[in-house]
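Peer 1: Mind looking over this structure? Questions follow.
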Amino acid sequence: MGCTGLAALPATATGAAAGDVSVQYHTGSTGSDQAEPWLRVKNTGTSAVALSGVKLRYYFKAESASATYRFACSWAVKGCGNITGTFGTLAHPTATADRYLEIGFTSGAGSLAAGADSGDLQLRFHRSDWQSLNQHDDYSFGAAQSSYANWTKVTAQLDGATVWGTAPEGNDPTDPTDPTDPPGDGASLFDDFNYTKHDDPAISAHGWNVRSNSGGPGVPGATWAPQNVTFSASGGNSVMNLETSTAGTGESTKQTEVLTKAMKFKNGTYAARVKFSDAPRSGPDSDHLVQTFFTINDLKAPMADDYAEYDFEYLPNGGWGEPSNILYATSWETYNPDPWQAVNQHTESRQSYAGWHDLVVTIDDNSIKYYVDGQPFGTHDAAYLPERPMSINFNQWLIDLAGQTSTTPRAYDQQVDYVLHVKDHVLTPAQVAAKVAAYRSAGTAFEDTVPSS
């Protein structure tokens with residue numbers, strides 16, 4: 001996506017590696033608002049092929065080094081909920097490709113019998129900021145492909161081996177140095193939040209606590225309501241919803257929090273996909289709401305130097321002296337609750353973050369780095385590195401009742417798609433996406449191999 005044209009391969013292109021699957025392609029769009037690679041996978045062998053073992057790569061040229069992209073499935077015979085799409089960066093960029101979209105299948109996609117094909121995969125992707133893109137210098141794009149035909153500029157892997165297509169020069173998908181391949185030897189926590197309700201026994205068995213005990217933060221008199229933590233299907237995945245509600249008094253305010261029971265997480269990578277909300281699901285707006293993803297340990301004494309906390313906090317209606325939307329990333333060394341004294345470093349962005357966002361925090365021996373939707377958000381100093389392990393938390397609560405004084409009931413939602421921690425490994429956002437896609441492709445809804453500290 002830049003300035004050079006790429007001639008389309010003939011509809012009968014050959015030269016693919018010998019194997020058990022082939023890929024057909026036609027373009028659903030030649031425009032500049034989004035790319036639409038429509039694909040089919042065919043089993044060319046003599047025995048059934050499980051689609052969960054198939055990976056496809058569509059190669060393209062990014063508009064700029066900082067450009068980020070979003071994947072969507074418009075329609076698929078196998079069901080869009082069974083199709084995954086993640087983006088990666090090529091180890092050896094060429095004139096027509098420095099990124100790729102990797103398509104995978106969950107176990108729910110089933111198998112292809114000998115000679116059968118997957119049917120349509122009507123896929124699309126666009127820039128995260130919806131700025132224009134140019135497909136005509138993309139390695140895998142074929143402007144003249146108005147109907148399905150074999151296409152060797154999309155590669156296919158079967159159980160880890162490349163069996164179809166030719167990647168841009170120097171970029172074999174099985175190259176072990178591919179920078180988007182996530183480290184495989186790090187102890188990890190992954191949870192897809194595939195639960196039925198707040199008291200599902202699996203939640204506790206998997207190490208989570210749905211908070212019901214009293215205490216801060218939040219409005220005095222508010223309670224933490226475990227029944228307001230619910231689970232539902234969204235986009236083919238199970239999603240956790242935290243509801244916070246109020247009718248303008250402390251006693252009517254119900255806040256929500258879900259946290260790990262163990263404090264065993266320290267250096268490494270933390271990631272979650274979170275949906276922030278600017279407006280209430282019902283009732284009047286403007287409450288001083290806080291929607292979060294964070295790690296924390298306990299403050300043993302005022303100004304204790306072994307305290308640690310790393311926050312994403314979104315304030316859709318302002319608060320703490322801010323008049324409107326603001327997203328904070330904050331790294332804490334310590335604090336004194338009374339009189340208030342804080343030792344922290346923060347980065348903020350004053351804009352709306354309503355909608356789904358990929359949030360990543362990495363901690364090594366040198367710094368803390370925050371990313372939002374694949375882009376650097378803030379880097380904080382070594383002075384704020386953790387001395388002790390922490391828990392992983394999500395909560396939604398009210399700072400005060402000054403933003404909206406009405407006694408009309410209202411309710412706000414914060415949703416969480418997944419959470420991931422990889423111990424002692426710093427992953428890029430692309431590696432996070434690849435690791436999550438690998439869990440989902442394998443049908444793994446939960447894993448915790450992080451040892452107790």
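Residue numbering restarts at 1 in every chain; chains get A, B, ... in the order shown in the structure tokens, and ligands count up from 1 in that same order.
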Please provide as a list in words all residues within 8 Å of Ala442 of chain A, with the sequence filter that same-chain residues fewer than 3 positions apart are discarded (counting only C-alpha atoms).
Peer 2: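 Close residues of Ala442 of chain A: Ser52, Thr106, Ser107, Ala438 and Tyr439 of chain A.
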Peer 1: What's around Leu420 of chain A at 6 Å? Count only C-alpha atoms, leave out sequence neighbours fewer than 5 positions away in its own chain, and write the answer as a list in words.
Peer 2: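 Counting only C-alpha atoms, the residues come to Leu189, Phe190, Tyr270 and Ala271 of chain A.
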Peer 1: What would the file look like if the residues just selected were written as a CSV table (one decimal), in the first residue's frame with N, CA, C and O atoms?
Peer 2:
```
chain,number,residue,atom,x,y,z
A,189,LEU,N,-0.3,-17.1,31.8
A,189,LEU,CA,-1.7,-17.2,32.1
A,189,LEU,C,-2.5,-16.7,30.9
A,189,LEU,O,-2.2,-15.6,30.4
A,190,PHE,N,-3.5,-17.4,30.5
A,190,PHE,CA,-4.4,-17.0,29.4
A,190,PHE,C,-5.8,-17.3,29.9
A,190,PHE,O,-6.0,-18.5,30.3
A,270,TYR,N,1.9,-8.2,30.0
A,270,TYR,CA,0.5,-8.2,30.4
A,270,TYR,C,-0.4,-7.7,29.3
A,270,TYR,O,0.0,-6.6,28.7
A,271,ALA,N,-1.4,-8.3,28.9
A,271,ALA,CA,-2.2,-7.9,27.8
A,271,ALA,C,-3.7,-8.2,28.0
A,271,ALA,O,-4.0,-9.2,28.7
```
Peer 1: Considering only C-alpha atoms, can you say which of A:Phe105, A:Trp224, A:Tyr371, A:Tyr139 comes closest to Gly236 of chain A?
Peer 2: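 Answer, going by the shortest atom-to-atom distance: A:Phe105.
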Peer 1: Could you please determine the separation between atom CA of Ala433 of chain A and atom CA of Ile363 of chain A in Å, to one decimal place?
Peer 2: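 The value is 17.8 Å.
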Peer 1: What separation in Å, quoted to one decimal, exists between atom CA of Thr30 of chain A and atom CA of Gln145 of chain A?
Peer 2: 9.8 Å
Peer 1: From the options A:Ala233, A:Val436, A:Ala445, A:Ala149, which residue's atoms come nearest to Gly85 of chain A, counting only C-alpha atoms?
Peer 2: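 The answer is A:Val436, which sits nearest to Gly85 of chain A.
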Peer 1: Neighbours of Gly221 of chain A within 8 Å (only C-alpha atoms; same-chain residues fewer than 4 positions away dropped), as a short mmCIF file (atom, residue, chain, number, x, y, z; two decimals) with C-alpha atoms, in the first residue's frame?
Peer 2:
```cif
data_model
loop_
_atom_site.label_atom_id
_atom_site.label_comp_id
_atom_site.auth_asym_id
_atom_site.auth_seq_id
_atom_site.Cartn_x
_atom_site.Cartn_y
_atom_site.Cartn_z
CA GLY A 250 -23.56 5.80 47.92
CA GLU A 251 -26.01 3.16 49.07
CA THR A 253 -23.98 2.46 43.92
#
```
Peer 1: List the neighbours of Ser406 of chain A out to 9 Å using only C-alpha atoms; skip same-chain residues closer than 3 positions along the sequence, and give me the result as a ChimeraX atom specification.
Peer 2: /A:247-248,284,409
Peer 1: Would you save the residues of that selection, restricted to C-alpha atoms, as a PDB file, in the first residue's frame?
Peer 2:
```
ATOM      1  CA  ALA A 247     -29.024   6.181  41.485  1.00  0.00           C
ATOM      2  CA  GLY A 248     -26.983   9.066  42.803  1.00  0.00           C
ATOM      3  CA  PRO A 284     -28.383   9.814  32.365  1.00  0.00           C
ATOM      4  CA  PRO A 409     -30.862   4.974  37.968  1.00  0.00           C
TER       5      PRO A 409
END
```
Peer 1: Let me make sure I understand: among A:Thr260, A:Ser367, A:Gln345, A:Ser232, which one has the smallest atom-to-atom distance to Ile203 of chain A if we use only C-alpha atoms?
Peer 2: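 For Ile203 of chain A, the nearest of the given residues is A:Thr260.
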Peer 1: Find the residues near Gly403 of chain A: any atom within 10 Å, counting only C-alpha atoms, skip ones fewer than 5 places away on the same chain, and give them as a VMD selection string.
Peer 2: chain A and resid 248 285 to 289 317 to 319 323 398
Peer 1: For Ala156 of chain A, list every protein, DNA or RNA residue within 7 Å, evaluated using only C-alpha atoms, and leave out those in the same chain fewer than 2 positions away; present the list as a PDB file with all heavy atoms, in the first residue's frame.
Peer 2:
```
ATOM      1  N   VAL A  54      -4.439 -25.339   9.708  1.00  0.00           N
ATOM      2  CA  VAL A  54      -4.145 -24.543   8.509  1.00  0.00           C
ATOM      3  C   VAL A  54      -3.958 -23.072   8.881  1.00  0.00           C
ATOM      4  O   VAL A  54      -4.745 -22.507   9.645  1.00  0.00           O
ATOM      5  CB  VAL A  54      -5.285 -24.676   7.474  1.00  0.00           C
ATOM      6  CG1 VAL A  54      -5.048 -23.769   6.279  1.00  0.00           C
ATOM      7  CG2 VAL A  54      -5.412 -26.140   7.017  1.00  0.00           C
ATOM      8  N   LYS A  55      -2.916 -22.458   8.350  1.00  0.00           N
ATOM      9  CA  LYS A  55      -2.674 -21.020   8.490  1.00  0.00           C
ATOM     10  C   LYS A  55      -2.442 -20.432   7.099  1.00  0.00           C
ATOM     11  O   LYS A  55      -1.657 -20.985   6.317  1.00  0.00           O
ATOM     12  CB  LYS A  55      -1.430 -20.736   9.345  1.00  0.00           C
ATOM     13  CG  LYS A  55      -1.504 -21.236  10.781  1.00  0.00           C
ATOM     14  CD  LYS A  55      -2.428 -20.393  11.618  1.00  0.00           C
ATOM     15  CE  LYS A  55      -2.348 -20.808  13.087  1.00  0.00           C
ATOM     16  NZ  LYS A  55      -3.306 -20.057  13.919  1.00  0.00           N
ATOM     17  N   LEU A  56      -3.093 -19.324   6.805  1.00  0.00           N
ATOM     18  CA  LEU A  56      -2.919 -18.624   5.534  1.00  0.00           C
ATOM     19  C   LEU A  56      -2.277 -17.267   5.799  1.00  0.00           C
ATOM     20  O   LEU A  56      -2.564 -16.628   6.812  1.00  0.00           O
ATOM     21  CB  LEU A  56      -4.272 -18.410   4.848  1.00  0.00           C
ATOM     22  CG  LEU A  56      -5.214 -19.607   4.744  1.00  0.00           C
ATOM     23  CD1 LEU A  56      -6.518 -19.180   4.077  1.00  0.00           C
ATOM     24  CD2 LEU A  56      -4.562 -20.755   3.987  1.00  0.00           C
ATOM     25  N   ARG A  57      -1.435 -16.820   4.882  1.00  0.00           N
ATOM     26  CA  ARG A  57      -0.854 -15.489   5.010  1.00  0.00           C
ATOM     27  C   ARG A  57      -1.075 -14.687   3.729  1.00  0.00           C
ATOM     28  O   ARG A  57      -0.733 -15.141   2.633  1.00  0.00           O
ATOM     29  CB  ARG A  57       0.638 -15.550   5.339  1.00  0.00           C
ATOM     30  CG  ARG A  57       0.916 -15.921   6.777  1.00  0.00           C
ATOM     31  CD  ARG A  57       2.360 -15.728   7.166  1.00  0.00           C
ATOM     32  NE  ARG A  57       2.575 -16.105   8.561  1.00  0.00           N
ATOM     33  CZ  ARG A  57       3.738 -16.033   9.192  1.00  0.00           C
ATOM     34  NH1 ARG A  57       4.815 -15.594   8.540  1.00  0.00           N
ATOM     35  NH2 ARG A  57       3.849 -16.385  10.459  1.00  0.00           N
ATOM     36  N   VAL A 154      -0.652 -16.011  -1.872  1.00  0.00           N
ATOM     37  CA  VAL A 154      -1.109 -16.271  -0.514  1.00  0.00           C
ATOM     38  C   VAL A 154      -0.529 -17.620  -0.123  1.00  0.00           C
ATOM     39  O   VAL A 154      -0.701 -18.597  -0.863  1.00  0.00           O
ATOM     40  CB  VAL A 154      -2.649 -16.303  -0.421  1.00  0.00           C
ATOM     41  CG1 VAL A 154      -3.102 -16.763   0.959  1.00  0.00           C
ATOM     42  CG2 VAL A 154      -3.229 -14.931  -0.747  1.00  0.00           C
ATOM     43  N   LEU A 158       0.314 -26.105   6.703  1.00  0.00           N
ATOM     44  CA  LEU A 158      -0.458 -27.214   7.241  1.00  0.00           C
ATOM     45  C   LEU A 158       0.373 -27.869   8.334  1.00  0.00           C
ATOM     46  O   LEU A 158       1.479 -28.379   8.060  1.00  0.00           O
ATOM     47  CB  LEU A 158      -0.804 -28.217   6.146  1.00  0.00           C
ATOM     48  CG  LEU A 158      -1.611 -29.452   6.569  1.00  0.00           C
ATOM     49  CD1 LEU A 158      -2.934 -29.047   7.200  1.00  0.00           C
ATOM     50  CD2 LEU A 158      -1.831 -30.387   5.384  1.00  0.00           C
ATOM     51  N   THR A 162       4.983 -25.241   5.260  1.00  0.00           N
ATOM     52  CA  THR A 162       4.429 -24.499   4.124  1.00  0.00           C
ATOM     53  C   THR A 162       4.140 -25.473   2.989  1.00  0.00           C
ATOM     54  O   THR A 162       5.031 -26.158   2.503  1.00  0.00           O
ATOM     55  CB  THR A 162       5.405 -23.415   3.647  1.00  0.00           C
ATOM     56  OG1 THR A 162       5.685 -22.525   4.723  1.00  0.00           O
ATOM     57  CG2 THR A 162       4.813 -22.617   2.496  1.00  0.00           C
ATOM     58  N   VAL A 163       2.866 -25.520   2.565  1.00  0.00           N
ATOM     59  CA  VAL A 163       2.453 -26.491   1.549  1.00  0.00           C
ATOM     60  C   VAL A 163       1.874 -25.812   0.314  1.00  0.00           C
ATOM     61  O   VAL A 163       1.549 -26.493  -0.667  1.00  0.00           O
ATOM     62  CB  VAL A 163       1.428 -27.494   2.119  1.00  0.00           C
ATOM     63  CG1 VAL A 163       2.057 -28.350   3.220  1.00  0.00           C
ATOM     64  CG2 VAL A 163       0.178 -26.778   2.634  1.00  0.00           C
ATOM     65  N   TRP A 164       1.731 -24.490   0.362  1.00  0.00           N
ATOM     66  CA  TRP A 164       1.178 -23.799  -0.800  1.00  0.00           C
ATOM     67  C   TRP A 164       1.719 -22.372  -0.829  1.00  0.00           C
ATOM     68  O   TRP A 164       1.832 -21.703   0.201  1.00  0.00           O
ATOM     69  CB  TRP A 164      -0.337 -23.751  -0.757  1.00  0.00           C
ATOM     70  CG  TRP A 164      -0.968 -22.927  -1.859  1.00  0.00           C
ATOM     71  CD1 TRP A 164      -1.300 -21.604  -1.797  1.00  0.00           C
ATOM     72  CD2 TRP A 164      -1.282 -23.355  -3.179  1.00  0.00           C
ATOM     73  NE1 TRP A 164      -1.816 -21.179  -2.995  1.00  0.00           N
ATOM     74  CE2 TRP A 164      -1.825 -22.255  -3.867  1.00  0.00           C
ATOM     75  CE3 TRP A 164      -1.180 -24.576  -3.848  1.00  0.00           C
ATOM     76  CZ2 TRP A 164      -2.258 -22.326  -5.192  1.00  0.00           C
ATOM     77  CZ3 TRP A 164      -1.608 -24.644  -5.162  1.00  0.00           C
ATOM     78  CH2 TRP A 164      -2.141 -23.538  -5.823  1.00  0.00           C
ATOM     79  N   GLY A 165       2.029 -21.913  -2.048  1.00  0.00           N
ATOM     80  CA  GLY A 165       2.333 -20.511  -2.254  1.00  0.00           C
ATOM     81  C   GLY A 165       3.793 -20.154  -2.038  1.00  0.00           C
ATOM     82  O   GLY A 165       4.603 -20.945  -1.537  1.00  0.00           O
TER      83      GLY A 165
END
```
Peer 1: Looking at only C-alpha atoms, which of A:Gly321, A:Phe125, A:Leu299, A:Val274 is the one that sits closest to Glu36 of chain A?
Peer 2: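 That would be A:Phe125, the residue with the smallest distance to Glu36 of chain A.
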Peer 1: Could you pull out the helix (DSSP H, G or I) residues of segment 29-216 of chain A from DSSP and send them as a list in words?
Peer 2: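 Those in segment 29-216 of chain A that DSSP calls helix (DSSP H, G or I) are Leu51, Ser52, Gly53, Cys80, Gly81, Asn82, Ser107, Gly108, Ala109, Gln135, His136, Asp137, Pro201, Ala202, Ile203, Ser204 and Ala205 of chain A.
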Peer 1: Tell me which protein, DNA and RNA residues are within 12 Å of Ala354 of chain A, counting only C-alpha atoms, leaving out same-chain ones fewer than 5 positions away, and put them as a PyMOL selection string.
Peer 2: chain A and resi 274-280+291+314-317+325-327+413-415
Peer 1: For the strand (DSSP E or B) assignment from backbone DSSP, which residues of segment 58-182 of chain A qualify? Please present them as a ChimeraX atom specification.
Peer 2: /A:58-60,69-76,83-94,97-105,111-112,117,121-127,149-150,154-158,161-164
